[in-house]
Amino acid sequence: MSAQPTNNIFQKHHTILILFIMLIGVCLRFYQMGRALGGGDENHMLLYFGYTHLQYIATTYFDASNHIFHTMLVNLMGRWFGEENALAIRLPTFLFGIACLWMIYKVAWEIFASKEIALMALLIAAVNPVHIYYSQTARGYSIMIFFSTAVLYLVIKLLQFKLNSRNVFLLILCGFLSVYTLPTNILFLLSLAGWLLTVLLSPSWRSMGYDLSVEERRQRGLWFGYSALLLALLLLLSYLPVVGQMAETARTHSLLTFDTQSALASSLLPAIIERVFQGPLIWFLPFLLVGLIYGKVQHKSYRFMPIFIFFLPLIITAVIGVGGFPRNYLFNFPLFIIFLAAGFSVTGDYMKRWFGREGAIMSILIIVYSLISLGVVFLKHYPSLKTTDGNLYKENILKNSRSNDLLIINDTTDYLYARSTYKHTVQNIIQENKLSRVNFIKKLPKQIQENEAFAKTSVWSLFKNIFNEESLSFKDISGGREMASLTKLEALPIIADDFESNTDWEIVHGKGEFTKIEDNGIASNSMLKLTAFPQEPMVVKAIVPGEYNITKHSFIVVVLATKNFNPKNMVYHPLVTADIYVNGKAQKIKLHTKKINDGINLKVKSLNSERDKYYWDVKASIGILPPGSYKFELFLKCHAGNSVLYDGLRLFLAEAVSPQNKLR
């Protein structure tokens with residue numbers, strides 16, 4: 001009895017196969033989805049943008065990790081389900097990743113009208129390592145791939161069938177959200193528009209496979225043109241608050257700018273292909289070319305679509321000199337997968353003349369591809385995701401911290417799960433004007449010593465001048481991290497509550513004004529407002545009351561909340577100077593302070609406000625004081641033409657634990 005033809009199996013069990021493949025895709029993407037947050041640039045996105053607020057996300061773009069639409073979804077998930085809830089934070093990318101599998105199936109069906117090709121495309125996408133990775137990582141790439149695939153589907157539908165206002169609306173919406181997630185996706189839309197213009201203006205329209213009159217072609221051209229104009233207007237309005245920041249980011253980001261034409265040709269082009277065809281999967285690339293050349297497309301124009309969408313963005317990038325990471329070009333993913341499936345089908349049809357059995361070679365190819373792809377997933381992808389338990393790290397920090405301790409984290413990769421504790425304690429420090437201890441978290445000593453470049457820029461570079469490793473009592477807090485207290489006694493607050501608003505400041509440079517504002521702040525109902533006139537920056541000075549005799553090496557800690565009315569201008573951290581008397585000799589010095597946890601972008605709401613009138617930037621810095629008698633002065637600087645609010649200014653002196661007299 002002969003085997004049942006593969007094509008009949010596709011027909012008879014079509015729905016079951018779709019559900020089964022989708023289930024495989026769900027399982028592969030859900031596995032390890034709950035791992036600790038922080039990998040794959042999640043750390044930057046969450047700390048810089050994801051944990052802030054929606055207005056800030058929509059109006060700030062100092063780093064390319066802000067995929068705005070995705071970041072907004074992450075922010076909402078964090079608010080609703082908890083900032084360290086890994087499943088919730090990654091849920092948007094997971095859901096869009098699963099939906100993208102279905103859209104790839106739909107586009108494959110529209111291009112080839114073949115259930116077997118559509119099913120193979122679905123399976124190839126379901127087991128593909130790069131798509132699995134970005135469907136379980138809190139970045140915007142799976143969302144971008146989904147909307148790019150949806151745009152392809154809608155363009156094809158609008159070309160083939162009667163114009164539908166619903167599909168036109170969805171086309172504009174999907175195009176907008178694809179670019180509002182990743183700005184570089186404008187390259188995809190421009191390349192698709194290039195293909196569409198070629199099709200609509202081709203003198204050999206009927207040879208392209210379409211049976212439309214000249215008037216119908218004109219109507220479609222007008223609809224697509226109006227849609228493009230509306231889409232461009234929406235994108236312009238949405239990106240208007242950040243367009244200058246985006247241009248600056250593109251100009252200064254070394255990985256987004258090509259210095260030479262050869263850099264594009266030699267690295268970006270093959271890197272895009274290697275993203276989709278990882279490791280041994282690259283050996284299946286010839287089948288993509290077979291599908292592209294010999295695949296039995298519904299319309300001849302579809303054969304040119306992958307060519308336009310792959311090469312035109314590279315040409316545009318080479319001309320303007322600004323591009324993106326290879327992953328930014330994963331809008332090629334759906335068409336690569338679909339035409340790869342077509343290549344398997346064409347090869348199977350060609351080879352059956354020698355083997356006789358319909359679909360045997362095609363089945364072997366898709367099975368071998370799937371097994372190799374799963375091998376990459378299980379042997380390379382999943383092991384690369386292994387990380388330490390972030391929640392255990394957080395629990396150990398809480399066990400070893402008091403509510404008013406200042407937490408200093410040496411390594412930026414350790415910020416994420418320490419952030420909520422740091423935010424809570426620094427708010428307590430401001431509101432109560434009380435600092436219990438200064439705690440320090442670092443990697444194991446061996447790891448610090450090995451990373452000499454990092455050690456020179458980290459906070460430890462400041463502390464190692466008075467401490468050695470043995471002088472501190474470090475406790476293991478999991479994952480190769482240690483924690484120790486740098487102080488023993490409660491710190492001395494040397495300025496009173498509302499110092500910033502009640503002090504008579506003196507303008508020492510520039511022109512402007514300082515005023516006391518009665519409003520809800522982060523610590524009280526009064527705050528200081530500095531406004532510098534447009535001509536030049538303004539600097540104001542205040543004298544800190546009292547003289548302080550320090551007998552042992554100590555720390556000076558500055559904590560402050562600010563509200564900047566012009567985000568284009570930075571807010572300067574306070575400068576502290578001192579008249580120091582040592583052995584009867586006086587000298588004026590500027591105290592060197594280092595920002596604490598600088599990569600944690602803390603945004604804290606105003607107190608007792610019915611609406612979120614202000615989000616305050618909270619910063620802290622620390623410096624070292626050798627023994628001596630001190631009189632302090634405090635300086636604040638405001639950019640020309642800018643206004644800044646100040647609240648919660650705190651200044652502490654804290655005696656260091658058993659310092660080694662190594663200060664240089």
# chains A, B, ... in the order shown; residues from 1 in each chain; ligands from 1

$ residues_around --residues "segment 369-375 of chain A" --least-positions-apart "3" --cutoff "12 Å" --atoms "only C-alpha atoms" --output "JSON, numbers by chain"
{"A": [21, 24, 25, 28, 120, 121, 122, 123, 124, 125, 126, 127, 128, 129, 130, 131, 132, 276, 277, 278, 279, 280, 281, 282, 283, 284, 285, 287, 337, 340, 341, 344, 362, 363, 364, 365, 366, 378, 379, 380, 381, 382, 383]}

$ write_last_selection --atoms "C-alpha atoms" --output "short mmCIF file (atom, residue, chain, number, x, y, z; two decimals), in the first residue's frame"
data_model
loop_
_atom_site.label_atom_id
_atom_site.label_comp_id
_atom_site.auth_asym_id
_atom_site.auth_seq_id
_atom_site.Cartn_x
_atom_site.Cartn_y
_atom_site.Cartn_z
CA ILE A 21 2.68 24.32 15.12
CA ILE A 24 5.10 24.53 19.49
CA GLY A 25 5.76 28.24 18.92
CA LEU A 28 9.38 27.52 22.70
CA MET A 120 6.08 25.25 6.26
CA ALA A 121 6.58 29.01 6.67
CA LEU A 122 4.65 28.83 9.94
CA LEU A 123 6.83 25.97 11.20
CA ILE A 124 10.11 27.60 10.10
CA ALA A 125 9.15 30.81 11.92
CA ALA A 126 7.96 28.89 14.99
CA VAL A 127 11.34 27.18 15.52
CA ASN A 128 13.56 30.05 14.36
CA PRO A 129 16.08 31.02 17.11
CA VAL A 130 16.13 34.78 16.49
CA HIS A 131 12.34 35.05 16.50
CA ILE A 132 12.12 32.96 19.66
CA VAL A 276 17.89 34.91 10.47
CA PHE A 277 20.09 31.97 9.47
CA GLN A 278 22.08 31.42 12.66
CA GLY A 279 24.89 28.89 12.88
CA PRO A 280 24.36 25.80 10.69
CA LEU A 281 21.06 27.22 9.39
CA ILE A 282 23.14 29.29 6.95
CA TRP A 283 23.46 26.12 4.82
CA PHE A 284 19.76 26.46 3.96
CA LEU A 285 20.29 29.89 2.38
CA PHE A 287 16.83 27.25 -0.77
CA ILE A 337 11.02 32.65 5.92
CA LEU A 340 12.65 29.69 2.16
CA ALA A 341 9.51 27.56 2.54
CA PHE A 344 11.73 23.66 -0.01
CA MET A 362 10.12 18.50 0.84
CA SER A 363 9.18 16.71 4.06
CA ILE A 364 12.80 15.66 4.63
CA LEU A 365 14.02 19.22 4.10
CA ILE A 366 11.54 20.81 6.51
CA PHE A 378 18.32 24.21 22.88
CA LEU A 379 22.12 23.94 22.65
CA LYS A 380 23.01 27.59 22.06
CA HIS A 381 20.09 29.96 22.60
CA TYR A 382 18.62 28.71 25.89
CA PRO A 383 22.00 28.17 27.61
#

$ residues_around --residues "Gly521 of chain A" --least-positions-apart "3" --cutoff "9 Å" --atoms "only C-alpha atoms" --output "ChimeraX atom specification"
/A:518,524-527,561,605-609,614,616,646-648

$ closest_residue --among "A:Ser629, A:Thr562, A:Thr425, A:Thr184" --to "Asn583 of chain A" --atoms "only C-alpha atoms"
A:Ser629

$ residues_around --residues "Tyr51 of chain A" --least-positions-apart "5" --cutoff "12 Å" --atoms "only C-alpha atoms" --output "ChimeraX atom specification"
/A:42-46,56-57,66,71-79,82-84,89,416,419-420,423,600-604

$ atom_distance --atom1 "atom CA of Ala138 of chain A" --atom2 "atom CA of Arg90 of chain A"
4.8 Å

$ closest_residue --among "A:Thr347, A:Ile68, A:Leu314, A:Met483" --to "Ile397 of chain A" --atoms "only C-alpha atoms"
A:Met483

$ residues_around --residues "Leu406 of chain A" --least-positions-apart "2" --cutoff "8 Å" --atoms "only C-alpha atoms" --output "ChimeraX atom specification"
/A:404,408,422,425-426,429,435-439

$ write_last_selection --atoms "all heavy atoms" --output "mmCIF file, in the first residue's frame"
data_model
loop_
_atom_site.group_PDB
_atom_site.id
_atom_site.type_symbol
_atom_site.label_atom_id
_atom_site.label_comp_id
_atom_site.auth_asym_id
_atom_site.auth_seq_id
_atom_site.Cartn_x
_atom_site.Cartn_y
_atom_site.Cartn_z
ATOM 1 N N ASN A 404 16.502 53.659 55.836
ATOM 2 C CA ASN A 404 17.143 54.930 55.490
ATOM 3 C C ASN A 404 18.606 54.756 55.098
ATOM 4 O O ASN A 404 19.404 55.678 55.203
ATOM 5 C CB ASN A 404 17.044 55.913 56.661
ATOM 6 C CG ASN A 404 15.640 56.431 56.862
ATOM 7 O OD1 ASN A 404 14.761 55.699 57.328
ATOM 8 N ND2 ASN A 404 15.397 57.676 56.497
ATOM 9 N N ILE A 408 24.674 51.946 47.327
ATOM 10 C CA ILE A 408 25.557 52.255 46.201
ATOM 11 C C ILE A 408 25.903 50.954 45.495
ATOM 12 O O ILE A 408 26.438 50.024 46.113
ATOM 13 C CB ILE A 408 26.847 52.952 46.676
ATOM 14 C CG1 ILE A 408 26.510 54.235 47.451
ATOM 15 C CG2 ILE A 408 27.747 53.265 45.496
ATOM 16 C CD1 ILE A 408 27.723 54.915 48.043
ATOM 17 N N TYR A 422 16.725 50.897 46.301
ATOM 18 C CA TYR A 422 17.398 52.198 46.260
ATOM 19 C C TYR A 422 16.382 53.335 46.190
ATOM 20 O O TYR A 422 16.499 54.347 46.910
ATOM 21 C CB TYR A 422 18.346 52.240 45.065
ATOM 22 C CG TYR A 422 18.925 53.596 44.775
ATOM 23 C CD1 TYR A 422 19.760 54.228 45.698
ATOM 24 C CD2 TYR A 422 18.643 54.261 43.581
ATOM 25 C CE1 TYR A 422 20.299 55.484 45.437
ATOM 26 C CE2 TYR A 422 19.177 55.505 43.310
ATOM 27 C CZ TYR A 422 19.994 56.113 44.235
ATOM 28 O OH TYR A 422 20.520 57.355 43.978
ATOM 29 N N THR A 425 14.591 53.710 49.675
ATOM 30 C CA THR A 425 15.420 54.247 50.755
ATOM 31 C C THR A 425 15.825 55.698 50.500
ATOM 32 O O THR A 425 15.875 56.500 51.436
ATOM 33 C CB THR A 425 16.675 53.383 50.962
ATOM 34 O OG1 THR A 425 17.422 53.313 49.740
ATOM 35 C CG2 THR A 425 16.293 51.971 51.395
ATOM 36 N N VAL A 426 16.095 56.063 49.241
ATOM 37 C CA VAL A 426 16.499 57.440 48.970
ATOM 38 C C VAL A 426 15.313 58.387 49.164
ATOM 39 O O VAL A 426 15.489 59.546 49.588
ATOM 40 C CB VAL A 426 17.127 57.569 47.568
ATOM 41 C CG1 VAL A 426 16.076 57.654 46.475
ATOM 42 C CG2 VAL A 426 18.060 58.769 47.496
ATOM 43 N N ILE A 429 15.228 58.901 52.862
ATOM 44 C CA ILE A 429 16.307 59.806 53.262
ATOM 45 C C ILE A 429 15.888 61.260 53.043
ATOM 46 O O ILE A 429 16.106 62.127 53.895
ATOM 47 C CB ILE A 429 17.592 59.477 52.479
ATOM 48 C CG1 ILE A 429 18.156 58.122 52.930
ATOM 49 C CG2 ILE A 429 18.643 60.572 52.654
ATOM 50 C CD1 ILE A 429 19.253 57.586 52.035
ATOM 51 N N LEU A 435 19.948 59.738 57.304
ATOM 52 C CA LEU A 435 20.755 58.739 56.605
ATOM 53 C C LEU A 435 21.350 57.790 57.640
ATOM 54 O O LEU A 435 22.171 58.199 58.466
ATOM 55 C CB LEU A 435 21.866 59.420 55.801
ATOM 56 C CG LEU A 435 22.920 58.517 55.151
ATOM 57 C CD1 LEU A 435 22.272 57.541 54.179
ATOM 58 C CD2 LEU A 435 23.988 59.346 54.449
ATOM 59 N N SER A 436 20.913 56.526 57.617
ATOM 60 C CA SER A 436 21.375 55.551 58.616
ATOM 61 C C SER A 436 22.776 55.048 58.309
ATOM 62 O O SER A 436 23.677 55.130 59.146
ATOM 63 C CB SER A 436 20.407 54.364 58.683
ATOM 64 O OG SER A 436 19.108 54.791 59.028
ATOM 65 N N ARG A 437 22.966 54.497 57.101
ATOM 66 C CA ARG A 437 24.261 53.940 56.712
ATOM 67 C C ARG A 437 24.452 54.110 55.218
ATOM 68 O O ARG A 437 23.503 54.365 54.473
ATOM 69 C CB ARG A 437 24.347 52.440 57.052
ATOM 70 C CG ARG A 437 24.336 52.089 58.509
ATOM 71 C CD ARG A 437 24.435 50.576 58.691
ATOM 72 N NE ARG A 437 23.419 49.848 57.925
ATOM 73 C CZ ARG A 437 23.217 48.528 58.007
ATOM 74 N NH1 ARG A 437 23.985 47.791 58.802
ATOM 75 N NH2 ARG A 437 22.283 47.939 57.293
ATOM 76 N N VAL A 438 25.683 53.936 54.800
ATOM 77 C CA VAL A 438 26.002 53.867 53.372
ATOM 78 C C VAL A 438 26.431 52.440 53.081
ATOM 79 O O VAL A 438 27.433 51.957 53.621
ATOM 80 C CB VAL A 438 27.124 54.850 52.994
ATOM 81 C CG1 VAL A 438 27.475 54.692 51.515
ATOM 82 C CG2 VAL A 438 26.712 56.284 53.295
ATOM 83 N N ASN A 439 25.656 51.749 52.252
ATOM 84 C CA ASN A 439 25.952 50.355 51.896
ATOM 85 C C ASN A 439 26.489 50.280 50.471
ATOM 86 O O ASN A 439 26.060 51.035 49.586
ATOM 87 C CB ASN A 439 24.699 49.485 52.019
ATOM 88 C CG ASN A 439 24.250 49.334 53.458
ATOM 89 O OD1 ASN A 439 25.056 49.392 54.385
ATOM 90 N ND2 ASN A 439 22.950 49.160 53.666
#

$ closest_residue --among "A:Ile156, A:Val376, A:Ala113, A:Val319" --to "Gln298 of chain A" --atoms "only C-alpha atoms"
A:Ala113

$ closest_residue --among "A:Ile172, A:Ile117, A:Leu17, A:Ile409" --to "Leu233 of chain A" --atoms "only C-alpha atoms"
A:Ile172

$ closest_residue --among "A:Asp41, A:Asp405, A:Phe146, A:Ser471" --to "Gln427 of chain A" --atoms "only C-alpha atoms"
A:Asp405

$ select_by_dssp --residues "segment 39-269 of chain A" --states "helix (DSSP H, G or I)" --output "MDAnalysis selection string"
chainID A and resid 42:50 54:59 68:81 86:112 115:126 129:135 141:160 165:181 183:201 206:208 214:252 261:269

$ select_by_dssp --residues "segment 594-636 of chain A" --states "strand (DSSP E or B)" --output "count of residues only"
25

$ residues_around --residues "Met570 of chain A" --least-positions-apart "3" --cutoff "9 Å" --atoms "only C-alpha atoms" --output "PyMOL selection string"
chain A and resi 564+566-567+638-639

$ write_last_selection --atoms "all heavy atoms" --output "short mmCIF file (atom, residue, chain, number, x, y, z; two decimals), in the first residue's frame"
data_model
loop_
_atom_site.label_atom_id
_atom_site.label_comp_id
_atom_site.auth_asym_id
_atom_site.auth_seq_id
_atom_site.Cartn_x
_atom_site.Cartn_y
_atom_site.Cartn_z
N ASN A 564 13.32 69.80 35.72
CA ASN A 564 13.91 70.60 34.64
C ASN A 564 12.82 70.97 33.64
O ASN A 564 12.12 70.11 33.12
CB ASN A 564 15.01 69.79 33.95
CG ASN A 564 15.76 70.59 32.91
OD1 ASN A 564 15.60 71.79 32.81
ND2 ASN A 564 16.58 69.90 32.14
N ASN A 566 13.33 72.38 30.72
CA ASN A 566 13.83 72.22 29.35
C ASN A 566 14.74 71.00 29.30
O ASN A 566 15.93 71.10 29.59
CB ASN A 566 14.60 73.46 28.89
CG ASN A 566 15.00 73.36 27.42
OD1 ASN A 566 14.77 72.35 26.75
ND2 ASN A 566 15.61 74.42 26.90
N PRO A 567 14.20 69.82 28.95
CA PRO A 567 14.99 68.59 28.97
C PRO A 567 16.23 68.62 28.08
O PRO A 567 17.13 67.80 28.24
CB PRO A 567 13.99 67.53 28.48
CG PRO A 567 12.65 68.12 28.72
CD PRO A 567 12.82 69.59 28.54
N CYS A 638 22.41 77.00 36.74
CA CYS A 638 21.25 76.85 35.85
C CYS A 638 21.63 77.33 34.45
O CYS A 638 22.25 78.39 34.29
CB CYS A 638 20.07 77.66 36.39
SG CYS A 638 18.56 77.53 35.41
N HIS A 639 21.28 76.55 33.43
CA HIS A 639 21.57 76.90 32.04
C HIS A 639 20.90 78.22 31.66
O HIS A 639 19.83 78.57 32.16
CB HIS A 639 21.05 75.82 31.10
CG HIS A 639 22.09 74.80 30.73
ND1 HIS A 639 23.10 75.06 29.84
CD2 HIS A 639 22.25 73.52 31.13
CE1 HIS A 639 23.85 73.98 29.70
NE2 HIS A 639 23.37 73.04 30.48
#

$ residues_around --residues "Leu231 of chain A" --least-positions-apart "3" --cutoff "8 Å" --atoms "only C-alpha atoms" --output "list in words"
Ile172, Gly175, Phe176, Ser227, Ala228, Leu234 and Leu235 of chain A

$ write_last_selection --atoms "N, CA and C atoms" --output "PDB file, in the first residue's frame"
ATOM      1  N   ILE A 172      -2.509  52.088   7.865  1.00  0.00           N
ATOM      2  CA  ILE A 172      -1.917  53.297   8.457  1.00  0.00           C
ATOM      3  C   ILE A 172      -1.527  53.029   9.906  1.00  0.00           C
ATOM      4  N   GLY A 175       1.513  50.604  10.045  1.00  0.00           N
ATOM      5  CA  GLY A 175       2.711  51.303   9.598  1.00  0.00           C
ATOM      6  C   GLY A 175       3.200  52.290  10.640  1.00  0.00           C
ATOM      7  N   PHE A 176       2.260  53.015  11.244  1.00  0.00           N
ATOM      8  CA  PHE A 176       2.629  53.985  12.277  1.00  0.00           C
ATOM      9  C   PHE A 176       3.264  53.300  13.480  1.00  0.00           C
ATOM     10  N   SER A 227      -2.714  57.634   2.090  1.00  0.00           N
ATOM     11  CA  SER A 227      -2.343  56.891   3.305  1.00  0.00           C
ATOM     12  C   SER A 227      -0.916  57.222   3.723  1.00  0.00           C
ATOM     13  N   ALA A 228      -0.021  57.318   2.721  1.00  0.00           N
ATOM     14  CA  ALA A 228       1.370  57.636   3.021  1.00  0.00           C
ATOM     15  C   ALA A 228       1.504  59.041   3.608  1.00  0.00           C
ATOM     16  N   LEU A 234       1.328  61.716  10.924  1.00  0.00           N
ATOM     17  CA  LEU A 234       1.222  61.132  12.264  1.00  0.00           C
ATOM     18  C   LEU A 234       2.604  60.889  12.870  1.00  0.00           C
ATOM     19  N   LEU A 235       3.515  60.374  12.058  1.00  0.00           N
ATOM     20  CA  LEU A 235       4.867  60.109  12.553  1.00  0.00           C
ATOM     21  C   LEU A 235       5.590  61.402  12.895  1.00  0.00           C
TER      22      LEU A 235
END

$ closest_residue --among "A:Ile522, A:Val544, A:Leu158, A:Met144" --to "Pro493 of chain A" --atoms "only C-alpha atoms"
A:Val544

$ atom_distance --atom1 "atom CA of Tyr239 of chain A" --atom2 "atom CA of Thr52 of chain A"
18.4 Å

$ atom_distance --atom1 "atom CA of Glu506 of chain A" --atom2 "atom CA of Leu636 of chain A"
10.2 Å
